[in-house]
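Peer 1: Structure: target-v6.tsv, TSV, C-alpha atoms and all ligand atoms.
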chain	number	residue	atom	x	y	z
Y	1	MET	CA	93.99	86.36	120.89
Y	2	ILE	CA	96.81	87.24	118.53
Y	3	GLU	CA	97.18	90.97	118.11
Y	4	PHE	CA	97.13	92.62	114.71
Y	5	ASN	CA	100.68	93.57	113.68
Y	6	SER	CA	100.48	97.05	112.19
Y	7	SER	CA	104.21	97.85	111.87
Y	8	PHE	CA	103.87	97.96	108.06
Y	9	LEU	CA	101.05	100.53	108.30
Y	10	GLU	CA	102.95	102.58	110.90
Y	11	ALA	CA	105.72	103.10	108.33
Y	12	PHE	CA	103.24	105.26	106.42
Y	13	LYS	CA	102.46	107.42	109.42
Y	14	GLY	CA	106.06	108.07	110.30
Y	15	ASN	CA	105.58	106.64	113.81
Y	16	LYS	CA	108.19	104.43	115.39
Y	17	PRO	CA	106.93	100.89	114.72
Y	18	ASN	CA	107.07	98.06	117.27
Y	19	ARG	CA	109.58	96.53	114.93
Y	20	ILE	CA	111.06	97.39	111.55
Y	21	PRO	CA	108.54	96.05	109.01
Y	22	VAL	CA	109.81	93.37	106.64
Y	23	TRP	CA	108.26	91.58	103.70
Y	24	PHE	CA	109.69	90.15	100.50
Y	25	MET	CA	108.59	90.58	96.91
Y	26	ARG	CA	107.69	87.11	95.55
Y	27	GLN	CA	107.59	85.77	99.07
Y	28	ALA	CA	105.42	82.93	97.78
Y	29	GLY	CA	107.15	80.96	95.05
Y	30	ARG	CA	109.33	78.17	93.84
Y	31	TYR	CA	112.02	78.59	96.50
Y	32	GLN	CA	109.51	76.97	98.91
Y	33	PRO	CA	109.25	73.14	98.82
Y	34	GLU	CA	105.57	73.46	99.81
Y	35	TYR	CA	104.88	75.72	96.81
Y	36	ARG	CA	106.69	73.35	94.46
Y	37	GLU	CA	104.54	70.52	95.81
Y	38	ILE	CA	101.29	72.45	95.20
Y	39	ARG	CA	102.50	73.33	91.68
Y	40	LYS	CA	102.70	69.60	90.86
Y	41	SER	CA	98.88	69.52	91.02
Y	42	TYR	CA	97.94	73.08	90.00
Y	43	SER	CA	99.21	75.55	87.43
Y	44	LEU	CA	99.97	79.07	88.58
Y	45	VAL	CA	96.68	80.37	87.18
Y	46	GLU	CA	94.77	77.47	88.78
Y	47	ILE	CA	96.19	78.46	92.18
Y	48	CYS	CA	95.03	82.05	91.59
Y	49	LYS	CA	91.54	80.85	90.61
Y	50	ASN	CA	91.06	78.69	93.71
Y	51	PRO	CA	90.51	81.09	96.65
Y	52	ARG	CA	91.31	78.56	99.39
Y	53	ILE	CA	94.58	77.40	97.82
Y	54	CYS	CA	95.43	80.98	96.88
Y	55	ALA	CA	94.91	82.05	100.50
Y	56	ASP	CA	97.04	79.16	101.79
Y	57	VAL	CA	99.87	80.01	99.38
Y	58	THR	CA	99.64	83.66	100.49
Y	59	LEU	CA	99.70	82.75	104.20
Y	60	LEU	CA	102.58	80.27	104.10
Y	61	PRO	CA	105.53	82.69	103.73
Y	62	VAL	CA	104.06	85.09	106.30
Y	63	LYS	CA	104.49	82.38	108.93
Y	64	GLN	CA	107.73	80.93	107.56
Y	65	LEU	CA	109.47	84.30	107.30
Y	66	ASP	CA	107.68	86.13	110.13
Y	67	ALA	CA	106.78	88.81	107.58
Y	68	ASP	CA	104.98	92.01	108.59
Y	69	ALA	CA	102.78	92.04	105.48
Y	70	ALA	CA	101.21	89.51	103.14
Y	71	ILE	CA	100.91	90.01	99.39
Y	72	LEU	CA	97.96	88.43	97.65
Y	73	PHE	CA	99.14	85.46	95.61
Y	74	SER	CA	98.28	86.29	92.02
Y	75	ASP	CA	100.02	87.61	88.92
Y	76	ILE	CA	99.96	90.94	87.13
Y	77	MET	CA	98.28	89.18	84.17
Y	78	ILE	CA	95.23	87.91	86.10
Y	79	PRO	CA	93.00	91.04	85.72
Y	80	LEU	CA	93.56	90.83	81.95
Y	81	ILE	CA	91.09	87.90	82.04
Y	82	GLN	CA	88.35	90.50	82.75
Y	83	MET	CA	89.74	92.67	79.92
Y	84	ASN	CA	89.28	89.84	77.42
Y	85	ILE	CA	93.04	89.45	76.80
Y	86	ASP	CA	94.14	85.81	76.49
Y	87	PHE	CA	97.46	84.79	77.98
Y	88	GLU	CA	99.41	81.85	79.33
Y	89	ILE	CA	102.07	81.86	82.01
Y	90	LYS	CA	104.87	79.57	80.87
Y	91	GLU	CA	107.21	78.13	83.43
Y	92	GLY	CA	110.69	79.62	83.27
Y	93	ILE	CA	109.53	82.17	80.66
Y	94	GLY	CA	106.69	84.23	82.08
Y	95	PRO	CA	103.52	85.61	80.50
Y	96	VAL	CA	102.94	84.79	76.82
Y	97	ILE	CA	100.18	86.22	74.63
Y	98	ALA	CA	99.07	84.33	71.53
Y	99	ASN	CA	97.72	87.38	69.69
Y	100	PRO	CA	99.84	90.41	70.54
Y	101	PHE	CA	98.13	93.79	70.42
Y	102	ALA	CA	99.05	95.53	67.15
Y	103	THR	CA	96.21	97.27	65.31
Y	104	THR	CA	93.09	99.36	65.76
Y	105	ASN	CA	91.06	96.16	65.29
Y	106	ASP	CA	92.70	94.69	68.37
Y	107	LEU	CA	91.49	97.68	70.34
Y	108	ASP	CA	87.86	96.60	69.88
Y	109	SER	CA	88.49	93.37	71.76
Y	110	VAL	CA	90.28	94.95	74.75
Y	111	HIS	CA	87.57	95.74	77.30
Y	112	GLU	CA	87.90	98.23	80.12
Y	113	ILE	CA	87.13	96.55	83.46
Y	114	GLU	CA	83.60	97.46	84.52
Y	115	SER	CA	82.69	94.45	86.64
Y	116	PHE	CA	84.57	91.56	88.18
Y	117	GLU	CA	82.53	88.47	87.36
Y	118	LYS	CA	85.39	86.69	85.59
Y	119	ILE	CA	87.84	87.37	88.41
Y	120	GLU	CA	85.62	87.07	91.47
Y	121	PHE	CA	88.11	84.55	92.85
Y	122	VAL	CA	90.38	87.53	93.65
Y	123	GLY	CA	87.73	89.14	95.85
Y	124	GLU	CA	86.96	85.81	97.52
Y	125	ALA	CA	90.64	85.07	98.30
Y	126	THR	CA	91.03	88.61	99.63
Y	127	ARG	CA	88.03	88.20	101.97
Y	128	ILE	CA	89.36	84.87	103.28
Y	129	LEU	CA	92.76	86.45	103.91
Y	130	LYS	CA	91.24	89.45	105.64
Y	131	SER	CA	89.63	87.11	108.18
Y	132	GLU	CA	92.72	84.93	108.71
Y	133	LEU	CA	95.69	87.31	108.61
Y	134	THR	CA	97.20	89.16	111.56
Y	135	VAL	CA	99.28	91.37	109.25
Y	136	PRO	CA	98.09	93.78	106.52
Y	137	LEU	CA	97.33	92.33	103.09
Y	138	ILE	CA	98.89	94.09	100.11
Y	139	GLY	CA	96.82	93.99	96.93
Y	140	PHE	CA	98.65	94.64	93.68
Y	141	CYS	CA	98.54	95.17	89.95
Y	142	GLY	CA	100.92	95.69	87.07
Y	143	ALA	CA	101.32	99.27	85.85
Y	144	PRO	CA	100.13	100.19	82.35
Y	145	PHE	CA	103.60	100.22	80.74
Y	146	THR	CA	104.68	96.87	82.17
Y	147	LEU	CA	101.37	95.26	81.17
Y	148	ALA	CA	101.45	96.91	77.73
Y	149	SER	CA	104.94	95.50	77.19
Y	150	TYR	CA	103.63	91.93	77.52
Y	151	ILE	CA	100.47	92.66	75.54
Y	152	ILE	CA	102.37	94.26	72.64
Y	153	GLU	CA	105.56	92.14	72.59
Y	154	GLY	CA	103.59	88.91	73.12
Y	155	GLY	CA	105.95	87.86	75.93
Y	156	PRO	CA	109.01	88.93	77.89
Y	157	SER	CA	111.36	91.29	76.06
Y	158	LYS	CA	114.83	92.76	76.45
Y	159	ASN	CA	114.51	96.03	74.58
Y	160	TYR	CA	110.76	96.64	74.24
Y	161	TYR	CA	111.23	97.70	70.60
Y	162	LYS	CA	107.65	96.87	69.52
Y	163	THR	CA	106.21	98.56	72.60
Y	164	LYS	CA	108.26	101.70	72.07
Y	165	ALA	CA	107.54	101.73	68.33
Y	166	MET	CA	103.82	101.82	69.09
Y	167	MET	CA	104.38	104.46	71.76
Y	168	TYR	CA	106.24	106.73	69.32
Y	169	ASN	CA	104.46	106.00	66.04
Y	170	GLN	CA	100.85	105.20	66.88
Y	171	PRO	CA	99.70	107.73	69.44
Y	172	PHE	CA	96.01	106.85	69.11
Y	173	LEU	CA	96.59	103.14	69.71
Y	174	TRP	CA	99.05	103.82	72.53
Y	175	GLU	CA	96.84	106.35	74.29
Y	176	SER	CA	93.75	104.16	73.97
Y	177	LEU	CA	95.50	101.07	75.34
Y	178	MET	CA	97.23	102.93	78.19
Y	179	LYS	CA	94.01	104.66	79.20
Y	180	ARG	CA	92.09	101.40	79.28
Y	181	LEU	CA	94.82	99.74	81.32
Y	182	ALA	CA	95.12	102.65	83.76
Y	183	ILE	CA	91.39	102.89	84.47
Y	184	SER	CA	91.02	99.11	84.64
Y	185	MET	CA	93.92	98.67	87.05
Y	186	GLY	CA	92.65	101.53	89.21
Y	187	ARG	CA	89.27	99.79	89.49
Y	188	TYR	CA	90.94	96.43	90.07
Y	189	LEU	CA	92.96	97.83	92.99
Y	190	ARG	CA	89.82	99.42	94.39
Y	191	TYR	CA	88.13	96.03	94.19
Y	192	GLN	CA	90.96	94.51	96.25
Y	193	LEU	CA	90.78	97.33	98.81
Y	194	GLU	CA	87.00	97.01	99.10
Y	195	ASN	CA	87.37	93.30	99.75
Y	196	GLY	CA	89.90	93.65	102.54
Y	197	ALA	CA	93.34	94.59	101.26
Y	198	SER	CA	94.96	97.23	103.53
Y	199	ALA	CA	97.50	98.54	101.04
Y	200	ILE	CA	98.38	98.30	97.37
Y	201	GLN	CA	101.57	98.00	95.36
Y	202	ILE	CA	101.82	98.80	91.67
Y	203	PHE	CA	104.54	96.89	89.83
Y	204	ASP	CA	106.01	98.90	86.96
Y	205	SER	CA	108.87	96.46	86.73
Y	206	TRP	CA	110.08	97.34	83.23
Y	207	VAL	CA	109.40	101.09	82.91
Y	208	GLY	CA	113.01	101.88	83.85
Y	209	SER	CA	113.83	101.24	80.19
Y	210	LEU	CA	112.43	104.70	79.37
Y	211	SER	CA	114.09	108.11	79.61
Y	212	VAL	CA	112.80	110.77	82.00
Y	213	SER	CA	111.34	112.78	79.14
Y	214	ASP	CA	109.55	109.80	77.56
Y	215	TYR	CA	108.20	108.78	80.96
Y	216	LYS	CA	106.78	112.26	81.34
Y	217	THR	CA	105.13	112.24	77.92
Y	218	TYR	CA	103.99	108.65	77.48
Y	219	ILE	CA	103.57	107.18	80.97
Y	220	TYR	CA	103.02	109.84	83.62
Y	221	PRO	CA	99.49	110.91	82.52
Y	222	TYR	CA	98.29	107.30	82.83
Y	223	MET	CA	99.91	106.78	86.22
Y	224	GLN	CA	98.09	109.90	87.37
Y	225	LEU	CA	94.86	108.50	85.98
Y	226	LEU	CA	95.42	105.21	87.80
Y	227	PHE	CA	96.13	106.93	91.14
Y	228	GLU	CA	93.08	109.19	90.64
Y	229	GLU	CA	90.92	106.06	90.81
Y	230	LEU	CA	92.37	105.46	94.29
Y	231	GLN	CA	92.07	109.01	95.57
Y	232	SER	CA	89.37	108.26	98.13
Y	233	PHE	CA	91.44	105.49	99.76
Y	234	ASP	CA	93.78	106.67	102.48
Y	235	VAL	CA	96.02	103.60	102.35
Y	236	PRO	CA	99.66	102.81	101.51
Y	237	LYS	CA	100.13	103.09	97.74
Y	238	ILE	CA	103.56	101.80	96.77
Y	239	LEU	CA	105.02	102.12	93.30
Y	240	PHE	CA	107.91	99.82	92.41
Y	241	GLY	CA	110.08	99.47	89.33
Y	242	VAL	CA	113.49	98.02	88.49
Y	243	ASN	CA	116.17	100.46	87.34
Y	244	CYS	CA	114.00	103.51	88.03
Y	245	ASN	CA	116.35	105.79	89.96
Y	246	HIS	CA	116.10	108.43	87.23
Y	247	LEU	CA	112.28	108.33	87.47
Y	248	LEU	CA	111.75	108.50	91.24
Y	249	ARG	CA	110.58	112.10	91.39
Y	250	LEU	CA	107.96	111.60	88.67
Y	251	GLN	CA	106.87	108.31	90.22
Y	252	LYS	CA	106.19	110.11	93.48
Y	253	GLU	CA	104.43	113.04	91.80
Y	254	SER	CA	102.09	110.68	89.95
Y	255	GLY	CA	100.40	109.86	93.27
Y	256	ALA	CA	102.35	107.22	95.20
Y	257	ASN	CA	102.92	107.59	98.95
Y	258	GLY	CA	105.48	104.79	98.97
Y	259	ILE	CA	108.35	104.05	96.58
Y	260	GLY	CA	110.11	100.71	96.20
Y	261	LEU	CA	113.79	101.05	95.38
Y	262	ASP	CA	115.73	98.38	93.56
Y	263	TRP	CA	119.21	97.46	94.85
Y	264	ARG	CA	120.94	100.12	92.74
Y	265	GLY	CA	119.37	102.91	94.78
Y	266	ASN	CA	120.40	104.54	98.02
Y	267	PHE	CA	117.95	105.56	100.75
Y	268	LYS	CA	119.82	108.70	101.75
Y	269	GLU	CA	119.71	110.06	98.21
Y	270	ALA	CA	116.11	108.97	97.66
Y	271	ARG	CA	115.05	110.64	100.91
Y	272	GLN	CA	116.77	113.87	99.90
Y	273	LEU	CA	115.16	113.81	96.48
Y	274	LEU	CA	111.64	112.81	97.56
Y	275	GLY	CA	111.21	114.58	100.90
Y	276	LEU	CA	110.17	113.44	104.36
Y	277	GLU	CA	106.56	112.46	103.64
Y	278	ILE	CA	107.11	109.42	101.46
Y	279	THR	CA	107.71	105.87	102.68
Y	280	LEU	CA	110.68	104.07	101.16
Y	281	GLN	CA	110.89	100.33	100.65
Y	282	GLY	CA	113.72	98.00	99.70
Y	283	ASN	CA	116.37	97.20	98.72
Y	284	LEU	CA	118.68	94.25	99.34
Y	285	ASP	CA	120.02	92.81	96.08
Y	286	PRO	CA	118.27	89.42	95.65
Y	287	ALA	CA	121.62	88.06	94.44
Y	288	LEU	CA	122.82	88.45	98.04
Y	289	LEU	CA	120.44	85.64	99.04
Y	290	LEU	CA	123.16	83.35	97.69
Y	291	ALA	CA	126.03	85.11	99.51
Y	292	ASP	CA	127.65	84.07	102.81
Y	293	TRP	CA	125.85	85.31	105.92
Y	294	HIS	CA	128.55	87.75	107.05
Y	295	ILE	CA	128.27	89.54	103.68
Y	296	ILE	CA	124.47	89.69	103.89
Y	297	GLU	CA	124.67	91.02	107.45
Y	298	LYS	CA	126.99	93.86	106.41
Y	299	GLN	CA	124.71	94.85	103.56
Y	300	ILE	CA	121.65	94.88	105.84
Y	301	ASP	CA	123.58	97.07	108.30
Y	302	ARG	CA	124.38	99.47	105.47
Y	303	ILE	CA	120.75	99.67	104.38
Y	304	LEU	CA	119.54	100.27	107.94
Y	305	GLU	CA	122.14	103.00	108.34
Y	306	GLU	CA	121.08	104.68	105.09
Y	307	LYS	CA	117.40	104.66	105.95
Y	308	GLN	CA	117.54	107.43	108.58
Y	309	ASP	CA	113.87	107.50	109.69
Y	310	HIS	CA	110.76	105.41	110.38
Y	311	ARG	CA	109.13	105.76	106.97
Y	312	PHE	CA	110.90	102.60	105.93
Y	313	ILE	CA	110.01	99.02	105.01
Y	314	PHE	CA	112.69	96.41	104.55
Y	315	ASN	CA	112.39	94.35	101.37
Y	316	LEU	CA	114.54	93.08	98.52
Y	317	GLY	CA	115.35	95.23	95.49
Y	318	HIS	CA	113.34	92.75	93.35
Y	319	GLY	CA	111.68	89.35	93.81
Y	320	ILE	CA	113.02	86.24	95.55
Y	321	MET	CA	114.48	83.81	93.02
Y	322	PRO	CA	113.87	80.03	93.04
Y	323	GLN	CA	117.46	79.30	94.20
Y	324	ALA	CA	117.00	81.16	97.49
Y	325	SER	CA	116.61	79.29	100.79
Y	326	ILE	CA	113.90	79.75	103.40
Y	327	ASP	CA	116.54	79.64	106.14
Y	328	THR	CA	118.47	82.59	104.74
Y	329	LEU	CA	115.29	84.64	104.27
Y	330	ARG	CA	114.11	83.86	107.81
Y	331	LYS	CA	117.55	84.82	109.14
Y	332	ILE	CA	117.32	88.15	107.28
Y	333	SER	CA	113.85	88.83	108.67
Y	334	ASP	CA	114.94	87.99	112.24
Y	335	TYR	CA	118.08	90.07	111.89
Y	336	VAL	CA	116.22	93.18	110.67
Y	337	HIS	CA	113.64	92.75	113.43
Y	338	SER	CA	116.44	92.48	116.01
Y	339	LYS	CA	117.68	95.92	114.92
Y	340	SER	CA	114.38	97.61	115.71
Y	341	ASN	CA	115.24	99.80	118.71
T	1	LIG	O1	105.08	88.32	95.52
T	1	LIG	C1	104.25	87.40	95.71
T	1	LIG	O2	104.44	86.46	96.52
T	1	LIG	C2	102.93	87.47	94.99
T	1	LIG	C3	102.89	86.81	93.75
T	1	LIG	C4	103.33	87.44	92.44
T	1	LIG	C5	103.53	86.64	91.30
T	1	LIG	N1	103.76	87.46	90.24
T	1	LIG	C6	103.43	85.18	91.25
T	1	LIG	C7	104.27	84.47	90.26
T	1	LIG	C8	103.52	88.77	92.07
T	1	LIG	C9	103.48	90.03	92.91
T	1	LIG	C10	103.80	88.76	90.67
T	1	LIG	C11	103.99	89.99	89.89
T	1	LIG	C12	104.58	89.89	88.55
T	1	LIG	N2	104.35	88.95	87.59
T	1	LIG	C13	105.43	90.87	88.00
T	1	LIG	C14	105.87	92.14	88.69
T	1	LIG	C15	106.88	91.86	89.72
T	1	LIG	C16	108.27	91.55	89.21
T	1	LIG	O3	108.75	90.46	89.52
T	1	LIG	O4	108.85	92.41	88.55
T	1	LIG	C17	105.76	90.48	86.69
T	1	LIG	C18	106.67	91.21	85.73
T	1	LIG	C19	105.05	89.26	86.44
T	1	LIG	C20	105.06	88.45	85.20
T	1	LIG	C21	105.63	87.10	85.49
T	1	LIG	N3	104.91	86.04	86.01
T	1	LIG	C22	106.99	86.69	85.39
T	1	LIG	C23	108.11	87.52	84.86
T	1	LIG	C24	107.04	85.36	85.86
T	1	LIG	C25	108.29	84.51	86.06
T	1	LIG	C26	108.52	83.45	85.04
T	1	LIG	C27	109.34	82.32	85.63
T	1	LIG	O5	108.88	81.18	85.56
T	1	LIG	O6	110.43	82.59	86.18
T	1	LIG	C28	105.74	84.98	86.23
T	1	LIG	C29	105.34	83.70	86.84
T	1	LIG	C30	105.13	83.79	88.31
T	1	LIG	N4	104.27	84.68	88.89
T	1	LIG	C31	105.73	82.99	89.31
T	1	LIG	C32	105.17	83.40	90.53
T	1	LIG	C33	105.44	82.84	91.91
T	1	LIG	C34	106.77	81.91	89.06
T	1	LIG	C35	106.48	80.60	89.68
T	1	LIG	C36	105.57	79.66	88.98
T	1	LIG	O7	105.55	79.55	87.74
T	1	LIG	O8	104.87	78.95	89.72
Here is the file; what I need is its structure written in the form of structure tokens.
Ligand code: CP3
Peer 2:
Amino acid sequence: MIEFNSSFLEAFKGNKPNRIPVWFMRQAGRYQPEYREIRKSYSLVEICKNPRICADVTLLPVKQLDADAAILFSDIMIPLIQMNIDFEIKEGIGPVIANPFATTNDLDSVHEIESFEKIEFVGEATRILKSELTVPLIGFCGAPFTLASYIIEGGPSKNYYKTKAMMYNQPFLWESLMKRLAISMGRYLRYQLENGASAIQIFDSWVGSLSVSDYKTYIYPYMQLLFEELQSFDVPKILFGVNCNHLLRLQKESGANGIGLDWRGNFKEARQLLGLEITLQGNLDPALLLADWHIIEKQIDRILEEKQDHRFIFNLGHGIMPQASIDTLRKISDYVHSKSN
């Protein structure tokens, strides 16, 4: 019998793991020939809606990369189906919303998640994975700000002007939307945990565009609300955002017990700022996946030197891009594992 590999979970207890845990954000995706092949027959959303294919896509990189955790294959937009928000995921662009959220009328059609009948495929895929995986499964969701940015802008954005305009000028609309998103995502994560996920990660990818003071006023209360929904679950709760080094302390205080750093951050400084209790995850620059091996090796050595303790999970500073190669990623995983003693 194959033993359950708990090195990822050990990183939250502060114990020395059997080996340094490694996984990669976007470890399932277009860099894999097998994924590209599946995408010829199924759209991204179709993969998510088919529990068997979803489970297979989730499992594939765990084997290929010898990863110490799996992340459910899905997208941050999927739970919006249950909230009655229509979207499409366009290749090379990302999520697109036909009717962006703009007025009090739009509020009537945004439903708080109270049941899961439109997204039961998530629970089913999670249960399949629970029975087939020998590493922990990470469930995930998008954080309220990052989701609101797509819902309000109608698609990807550089400056989030519409989102911020609503945040500043229409407090009732902003508060109502953020509250609905926070409670819904809290329940959605609970649903994943109840169906077999061992940990959760919240992606607040774009919140780094806000100042510390605006984060405190407009975001923090909703992050607290989201984490309150998870209070009874003693599991890893990782919060990740790009360009968030100025927000780390507030991110921790909102309720996370793990923080994902992007490649700009430094583990020594983060440890000093956040204390000994929190688990830190990251943070190789994904751009390095295209660098020569001796450069990658040096940068991994630097990260492992900066990390200082066992509350550490090796990852990238953001997701794997389509140009990356499986060989390089596997070499990274093997190299980090080889440095475990
Ligand atoms: O990490 C994993 O293996 C799990 C799968 C996963 C996907 N999306 C699948 C996906 C996860 C964790 C996400 C989260 C997600 N989705 C985030 C937060 C994480 C981050 O990267 O910051 C965001 C902002 C989204 C929204 C989204 N969906 C974007 C920006 C894109 C990329 C658009 C593109 O084509 O480059 C998507 C599409 C998407 N979601 C892909 C994958 C594998 C691209 C591949 C495809 O279209 O098949």
Peer 1: Take the point (108.5, 93.8, 104.9) in the file's coordinates, draw a sphere of radius 8 Å around it, and report as JSON, numbers by chain every protein, DNA or RNA residue with an atom inside or on it, counting all atoms listed in the file.
Peer 2: {"Y": [8, 20, 21, 22, 23, 24, 67, 68, 69, 313, 314, 315]}
Peer 1: Please, what distance in Å, to one decimal, runs between CA of Val110 in chain Y and CA of Ala98 in chain Y?
Peer 2: 14.2 Å
Peer 1: Can you measure atom C26 of ligand LIG 1 (chain T) to CA of Ile85 in chain Y for me? One decimal in Å is fine.
Peer 2: 18.5 Å
Peer 1: Restricting the calculation to only C-alpha atoms, which member of Y:Pro95, Y:Gly282, Y:Gly275, Y:Pro61 is positioned closest to Asp75 in chain Y?
Peer 2: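 The answer is Y:Pro95, which sits nearest to Asp75 in chain Y.
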Peer 1: Under the rule of at most 8 Å, produce a per-residue listing of chain Y near ligand LIG 1 (chain T): chain, number, name, the closest pair of atoms, and the distance in Å, as CSV, using only C-alpha atoms and all ligand atoms.
Peer 2:
residue,atom,partner,partner_atom,distance
Y:Phe24,CA,T:LIG1,O1,7.0
Y:Met25,CA,T:LIG1,O1,4.4
Y:Arg26,CA,T:LIG1,O1,2.9
Y:Gln27,CA,T:LIG1,O2,4.1
Y:Ala28,CA,T:LIG1,O2,3.9
Y:Gly29,CA,T:LIG1,C33,4.0
Y:Arg30,CA,T:LIG1,C35,5.6
Y:Tyr35,CA,T:LIG1,O8,7.8
Y:Arg36,CA,T:LIG1,O8,7.6
Y:Arg39,CA,T:LIG1,O8,6.4
Y:Ser43,CA,T:LIG1,O8,7.0
Y:Leu44,CA,T:LIG1,O8,5.0
Y:Thr58,CA,T:LIG1,O2,6.8
Y:Ala70,CA,T:LIG1,O2,8.0
Y:Ile71,CA,T:LIG1,C2,5.5
Y:Leu72,CA,T:LIG1,C2,5.7
Y:Phe73,CA,T:LIG1,C2,4.3
Y:Ser74,CA,T:LIG1,C3,5.0
Y:Asp75,CA,T:LIG1,N1,4.0
Y:Ile76,CA,T:LIG1,N2,4.8
Y:Met77,CA,T:LIG1,C20,6.9
Y:Ile89,CA,T:LIG1,C29,6.1
Y:Lys90,CA,T:LIG1,O5,6.4
Y:Glu91,CA,T:LIG1,O5,4.1
Y:Gly92,CA,T:LIG1,O5,3.3
Y:Ile93,CA,T:LIG1,C26,4.7
Y:Gly94,CA,T:LIG1,C26,3.6
Y:Pro95,CA,T:LIG1,C21,5.6
Y:Phe140,CA,T:LIG1,C9,6.7
Y:Cys141,CA,T:LIG1,C11,7.5
Y:Gly142,CA,T:LIG1,C14,6.3
Y:Thr146,CA,T:LIG1,C18,7.0
Y:Pro156,CA,T:LIG1,C23,7.2
Y:Phe203,CA,T:LIG1,C14,5.1
Y:Asp204,CA,T:LIG1,C14,7.0
Y:Ser205,CA,T:LIG1,O4,4.4
Y:Trp206,CA,T:LIG1,O4,7.4
Y:Gly241,CA,T:LIG1,O4,7.2
Y:Val242,CA,T:LIG1,O4,7.3
Y:His318,CA,T:LIG1,O3,6.4
Y:Gly319,CA,T:LIG1,O3,5.3
Peer 1: Please dump the current selection as a compact mmCIF listing (two decimals), in the frame of the given file; keep C-alpha atoms.
Peer 2:
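As a result, part.txt now contains:
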# COMPACT_ATOMS: atom_id res chain seq x y z
CA PHE Y 24 109.69 90.15 100.50
CA MET Y 25 108.59 90.58 96.91
CA ARG Y 26 107.69 87.11 95.55
CA GLN Y 27 107.59 85.77 99.07
CA ALA Y 28 105.42 82.93 97.78
CA GLY Y 29 107.15 80.96 95.05
CA ARG Y 30 109.33 78.17 93.84
CA TYR Y 35 104.88 75.72 96.81
CA ARG Y 36 106.69 73.35 94.46
CA ARG Y 39 102.50 73.33 91.68
CA SER Y 43 99.21 75.55 87.43
CA LEU Y 44 99.97 79.07 88.58
CA THR Y 58 99.64 83.66 100.49
CA ALA Y 70 101.21 89.51 103.14
CA ILE Y 71 100.91 90.01 99.39
CA LEU Y 72 97.96 88.43 97.65
CA PHE Y 73 99.14 85.46 95.61
CA SER Y 74 98.28 86.29 92.02
CA ASP Y 75 100.02 87.61 88.92
CA ILE Y 76 99.96 90.94 87.13
CA MET Y 77 98.28 89.18 84.17
CA ILE Y 89 102.07 81.86 82.01
CA LYS Y 90 104.87 79.57 80.87
CA GLU Y 91 107.21 78.13 83.43
CA GLY Y 92 110.69 79.62 83.27
CA ILE Y 93 109.53 82.17 80.66
CA GLY Y 94 106.69 84.23 82.08
CA PRO Y 95 103.52 85.61 80.50
CA PHE Y 140 98.65 94.64 93.68
CA CYS Y 141 98.54 95.17 89.95
CA GLY Y 142 100.92 95.69 87.07
CA THR Y 146 104.68 96.87 82.17
CA PRO Y 156 109.01 88.93 77.89
CA PHE Y 203 104.54 96.89 89.83
CA ASP Y 204 106.01 98.90 86.96
CA SER Y 205 108.87 96.46 86.73
CA TRP Y 206 110.08 97.34 83.23
CA GLY Y 241 110.08 99.47 89.33
CA VAL Y 242 113.49 98.02 88.49
CA HIS Y 318 113.34 92.75 93.35
CA GLY Y 319 111.68 89.35 93.81
Peer 1: State, in Å with one decimal place, the distance from CA of Ala125 in chain Y to CA of Asn50 in chain Y.
Peer 2: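 Interatomic distance, CA of Ala125 in chain Y to CA of Asn50 in chain Y: 7.9 Å.
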Peer 1: Smallest atom-to-atom distance to Ile183 in chain Y: which of Y:Gln281, Y:Thr134, Y:Gln224, Y:Asn105, using all atoms listed in the file?
Peer 2: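 Residue with the minimum atom-to-atom distance to Ile183 in chain Y: Y:Gln224.
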Peer 1: Under the rule that all atoms listed in the file are counted, which of Y:Val212, Y:Leu65, Y:Ile38, Y:Leu137 is the nearest residue to Ser6 in chain Y?
Peer 2: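 Looking only at the distances to Ser6 in chain Y, the closest residue turns out to be Y:Leu137.
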Peer 1: Tell me which protein, DNA and RNA residues are within 8 Å of Tyr220 in chain Y, counting only C-alpha atoms, leaving out same-chain ones fewer than 6 positions away, and put them as a list in words.
Peer 2: Leu250, Gln251 and Ser254 of chain Y
Peer 1: For Val336 in chain Y, which residue among Y:Leu284, Y:Ala143, Y:Leu181, Y:Leu173 is the nearest when counting all atoms listed in the file?
Peer 2: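 With all atoms listed in the file as the atom set, the closest residue is Y:Leu284.
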Peer 1: Name the closest residue to Leu133 in chain Y among the candidates Y:Leu290, Y:Ala182, Y:Leu80, Y:Leu59; distances are taken between atoms, counting all atoms listed in the file.
Peer 2: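 Distance minimum relative to Leu133 in chain Y lands on Y:Leu59.
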Peer 1: For the interface of range 191-253 of chain Y with range 163-169 of chain Y (cut-off 12 Å, counting only C-alpha atoms), please tabulate each contacting residue of range 191-253 of chain Y alongside its nearest pair of atoms and their separation in Å to one decimal, rows sorted by chain and increasing number, as JSON lines.
Peer 2:
{"residue": "Y:Trp206", "atom": "CA", "partner": "Y:Thr163", "partner_atom": "CA", "distance": 11.4}
{"residue": "Y:Val207", "atom": "CA", "partner": "Y:Lys164", "partner_atom": "CA", "distance": 10.9}
{"residue": "Y:Ser209", "atom": "CA", "partner": "Y:Lys164", "partner_atom": "CA", "distance": 9.9}
{"residue": "Y:Leu210", "atom": "CA", "partner": "Y:Lys164", "partner_atom": "CA", "distance": 8.9}
{"residue": "Y:Ser211", "atom": "CA", "partner": "Y:Lys164", "partner_atom": "CA", "distance": 11.5}
{"residue": "Y:Asp214", "atom": "CA", "partner": "Y:Tyr168", "partner_atom": "CA", "distance": 9.4}
{"residue": "Y:Tyr215", "atom": "CA", "partner": "Y:Met167", "partner_atom": "CA", "distance": 10.9}
{"residue": "Y:Thr217", "atom": "CA", "partner": "Y:Met167", "partner_atom": "CA", "distance": 10.0}
{"residue": "Y:Tyr218", "atom": "CA", "partner": "Y:Met167", "partner_atom": "CA", "distance": 7.1}
{"residue": "Y:Ile219", "atom": "CA", "partner": "Y:Met167", "partner_atom": "CA", "distance": 9.6}
